[in-house]
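**Q** Sending over target_21.cif (mmCIF, C-alpha atoms).
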```
data_structure
loop_
_atom_site.group_PDB
_atom_site.id
_atom_site.type_symbol
_atom_site.label_atom_id
_atom_site.label_comp_id
_atom_site.auth_asym_id
_atom_site.auth_seq_id
_atom_site.Cartn_x
_atom_site.Cartn_y
_atom_site.Cartn_z
ATOM 1 C CA MET A 1 16.063 -17.209 -42.004
ATOM 2 C CA PRO A 2 13.356 -17.423 -39.291
ATOM 3 C CA ILE A 3 12.387 -14.314 -37.351
ATOM 4 C CA ILE A 4 12.879 -14.685 -33.624
ATOM 5 C CA GLN A 5 10.394 -12.697 -31.577
ATOM 6 C CA GLU A 6 10.716 -11.760 -27.963
ATOM 7 C CA PRO A 7 7.839 -12.966 -25.813
ATOM 8 C CA VAL A 8 5.285 -10.264 -25.129
ATOM 9 C CA LYS A 9 5.501 -9.032 -21.557
ATOM 10 C CA ARG A 10 1.970 -9.209 -20.265
ATOM 11 C CA LYS A 11 0.967 -6.719 -17.615
ATOM 12 C CA LEU A 12 -0.398 -8.685 -14.675
ATOM 13 C CA TYR A 13 -2.156 -5.772 -13.010
ATOM 14 C CA ARG A 14 -3.571 -2.574 -14.413
ATOM 15 C CA GLY A 15 -4.776 0.447 -12.547
ATOM 16 C CA PHE A 16 -5.642 4.086 -12.754
ATOM 17 C CA SER A 17 -4.588 6.914 -10.456
ATOM 18 C CA THR A 18 -4.695 10.689 -10.669
ATOM 19 C CA ILE A 19 -2.552 11.100 -7.544
ATOM 20 C CA ASN A 20 0.890 12.640 -8.179
ATOM 21 C CA ASN A 21 0.408 12.408 -11.952
ATOM 22 C CA PRO A 22 0.384 16.018 -13.160
ATOM 23 C CA PHE A 23 0.624 15.380 -16.895
ATOM 24 C CA GLY A 24 -2.155 12.869 -17.424
ATOM 25 C CA LYS A 25 -0.073 9.688 -17.091
ATOM 26 C CA TRP A 26 -2.837 8.065 -15.079
ATOM 27 C CA ARG A 27 -2.470 4.463 -16.160
ATOM 28 C CA GLN A 28 -0.517 2.257 -13.790
ATOM 29 C CA THR A 29 0.624 -1.299 -14.192
ATOM 30 C CA ASP A 30 2.149 -4.038 -12.108
ATOM 31 C CA LEU A 31 4.121 -2.811 -9.070
ATOM 32 C CA GLU A 32 2.850 0.776 -9.290
ATOM 33 C CA ALA A 33 -0.744 -0.493 -9.327
ATOM 34 C CA LEU A 34 -0.109 -2.797 -6.364
ATOM 35 C CA LYS A 35 1.458 0.023 -4.340
ATOM 36 C CA GLN A 36 -1.436 2.342 -5.143
ATOM 37 C CA ASP A 37 -3.969 -0.326 -4.158
ATOM 38 C CA LEU A 38 -2.244 -0.743 -0.800
ATOM 39 C CA THR A 39 -2.065 3.011 -0.230
ATOM 40 C CA ASN A 40 -5.756 3.350 -1.081
ATOM 41 C CA HIS A 41 -6.621 0.600 1.381
ATOM 42 C CA PHE A 42 -4.934 2.556 4.191
ATOM 43 C CA GLN A 43 -6.792 5.749 3.268
ATOM 44 C CA ILE A 44 -10.223 4.138 3.714
ATOM 45 C CA ARG A 45 -11.368 4.040 7.317
ATOM 46 C CA LYS A 46 -13.035 0.881 8.560
ATOM 47 C CA GLY A 47 -16.768 1.228 8.196
ATOM 48 C CA GLU A 48 -16.595 3.667 5.256
ATOM 49 C CA LYS A 49 -16.819 1.143 2.424
ATOM 50 C CA LEU A 50 -20.359 0.339 1.437
ATOM 51 C CA MET A 51 -21.315 -3.339 1.847
ATOM 52 C CA ASN A 52 -17.908 -4.150 3.397
ATOM 53 C CA PRO A 53 -17.549 -2.445 6.805
ATOM 54 C CA GLU A 54 -14.471 -4.502 7.767
ATOM 55 C CA PHE A 55 -12.456 -3.188 4.796
ATOM 56 C CA GLY A 56 -10.025 -0.364 5.502
ATOM 57 C CA SER A 57 -7.721 0.764 8.262
ATOM 58 C CA ASN A 58 -8.050 2.364 11.687
ATOM 59 C CA ILE A 59 -4.635 4.039 11.451
ATOM 60 C CA PRO A 60 -6.051 7.432 10.349
ATOM 61 C CA LEU A 61 -7.979 7.427 13.645
ATOM 62 C CA MET A 62 -4.890 6.501 15.691
ATOM 63 C CA VAL A 63 -2.871 9.509 14.532
ATOM 64 C CA MET A 64 -4.326 11.725 17.256
ATOM 65 C CA GLU A 65 -3.550 9.178 19.998
ATOM 66 C CA PRO A 66 -0.259 9.222 21.916
ATOM 67 C CA LEU A 67 2.145 6.700 20.393
ATOM 68 C CA ASP A 68 2.481 4.418 23.388
ATOM 69 C CA GLU A 69 2.978 0.648 23.325
ATOM 70 C CA ARG A 70 -0.767 -0.064 23.049
ATOM 71 C CA THR A 71 -1.226 2.283 20.082
ATOM 72 C CA ARG A 72 1.953 1.002 18.407
ATOM 73 C CA ASP A 73 0.803 -2.629 18.740
ATOM 74 C CA ALA A 74 -2.668 -1.766 17.424
ATOM 75 C CA ALA A 75 -1.175 0.100 14.434
ATOM 76 C CA ILE A 76 1.224 -2.733 13.554
ATOM 77 C CA SER A 77 -1.619 -5.247 13.851
ATOM 78 C CA ASP A 78 -3.715 -3.067 11.543
ATOM 79 C CA VAL A 79 -0.884 -2.909 8.991
ATOM 80 C CA LYS A 80 -0.575 -6.712 9.064
ATOM 81 C CA ASP A 81 -4.341 -7.076 8.556
ATOM 82 C CA VAL A 82 -4.327 -4.724 5.556
ATOM 83 C CA VAL A 83 -1.330 -6.398 3.906
ATOM 84 C CA ASN A 84 -2.673 -9.902 4.582
ATOM 85 C CA ASN A 85 -5.966 -8.873 2.985
ATOM 86 C CA ASP A 86 -4.193 -8.679 -0.392
ATOM 87 C CA PRO A 87 -2.879 -12.083 -1.540
ATOM 88 C CA ARG A 88 -0.517 -10.402 -4.041
ATOM 89 C CA LEU A 89 1.595 -8.898 -1.223
ATOM 90 C CA LYS A 90 3.608 -9.972 1.806
ATOM 91 C CA ALA A 91 5.233 -7.804 4.468
ATOM 92 C CA SER A 92 8.662 -8.862 5.670
ATOM 93 C CA ALA A 93 9.197 -5.965 8.107
ATOM 94 C CA ILE A 94 7.139 -3.127 9.562
ATOM 95 C CA ASP A 95 8.681 -0.024 11.140
ATOM 96 C CA LEU A 96 6.464 2.555 12.823
ATOM 97 C CA ARG A 97 7.749 5.982 13.875
ATOM 98 C CA GLU A 98 6.275 9.160 15.176
ATOM 99 C CA PHE A 99 7.123 12.472 13.554
ATOM 100 C CA ASP A 100 6.039 16.044 14.304
ATOM 101 C CA GLN A 101 2.782 15.961 12.373
ATOM 102 C CA GLY A 102 1.778 12.317 12.803
ATOM 103 C CA MET A 103 2.883 8.761 12.198
ATOM 104 C CA GLN A 104 5.146 7.222 9.558
ATOM 105 C CA ILE A 105 4.988 3.546 8.675
ATOM 106 C CA ASN A 106 7.659 1.878 6.566
ATOM 107 C CA ILE A 107 6.690 -1.531 5.203
ATOM 108 C CA GLU A 108 9.230 -3.768 3.533
ATOM 109 C CA MET A 109 7.135 -5.516 0.901
ATOM 110 C CA ILE A 110 7.640 -8.743 -1.007
ATOM 111 C CA TYR A 111 5.893 -9.168 -4.350
ATOM 112 C CA PRO A 112 5.988 -12.951 -4.904
ATOM 113 C CA GLU A 113 4.714 -12.884 -8.496
ATOM 114 C CA TYR A 114 7.523 -10.533 -9.511
ATOM 115 C CA ASP A 115 10.242 -11.914 -7.237
ATOM 116 C CA ALA A 116 10.807 -8.335 -6.080
ATOM 117 C CA THR A 117 11.047 -6.393 -2.835
ATOM 118 C CA ASP A 118 10.425 -2.748 -2.070
ATOM 119 C CA THR A 119 9.809 -0.430 0.853
ATOM 120 C CA ILE A 120 6.591 1.524 1.030
ATOM 121 C CA ASN A 121 6.603 4.664 3.176
ATOM 122 C CA LEU A 122 3.227 5.854 4.413
ATOM 123 C CA LYS A 123 2.700 9.090 6.334
ATOM 124 C CA PHE A 124 -0.436 9.795 8.309
ATOM 125 C CA ASN A 125 -0.738 13.447 9.305
ATOM 126 C CA ARG A 126 -2.738 14.862 12.180
#
```
Translate the structure described by the file into structure tokens.

**A**
Amino acid sequence: MPIIQEPVKRKLYRGFSTINNPFGKWRQTDLEALKQDLTNHFQIRKGEKLMNPEFGSNIPLMVMEPLDERTRDAAISDVKDVVNNDPRLKASAIDLREFDQGMQINIEMIYPEYDATDTINLKFNR
């Protein structure tokens, strides 16, 4: 009788993060790695990355500005630029809100390689 084996599920993406991992589970794969990559991209201010001054986001600088229409449009444009910079991701909706200590951005993400969707919530504090 032949042995039938399940196909091995290959991890497409691998990463490493010490954020919110208190017990040493630092290895991340697939969707967790993609989400962490996107979050990291937003935490780097434009001009901070060596040899690539256009990489990053200006949203951390916008947190102190009043959330008027100009700031909102600039922030949404920045979110689109960051998401479009990563070919593994697509944004289907972006919601930007102000809260007491800063700005919250909710991005409805599409992961084409996984045929999956998810919402990423980012908070930028003053």

**Q** Tell me, in Å to one decimal, how far atom CA of Met103 of chain A is from atom CA of Ile59 of chain A.

**A**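 Atom-to-atom, atom CA of Met103 of chain A to atom CA of Ile59 of chain A, that is 8.9 Å.
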
**Q** With the file shown as input, list the residues that the PyMOL selection byres ((chain A and resi 38) around 12) selects, as a ChimeraX atom specification.

**A** /A:31-37,39-44,55-57,79-91,107,109,120-122

**Q** Quick one, how far is atom CA of Asp73 of chain A from atom CA of Ile110 of chain A?

**A** 21.8 Å

**Q** Can you measure atom CA of Ala93 of chain A to atom CA of Asn52 of chain A for me? One decimal in Å is fine.

**A**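 So the two atoms, atom CA of Ala93 of chain A and atom CA of Asn52 of chain A, lie 27.6 Å apart.
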
**Q** Spell out the residues picked by the PyMOL selection byres ((chain A and resi 71) around 12) here, as a VMD selection string.

**A** chain A and resid 58 to 59 61 to 70 72 to 78 96 to 98 103

**Q** Which residue is closest to Pro112 of chain A? Choose from A:Ser92, A:Pro60, A:Gly47, A:Glu54 and count all atoms listed in the file.

**A** A:Ser92
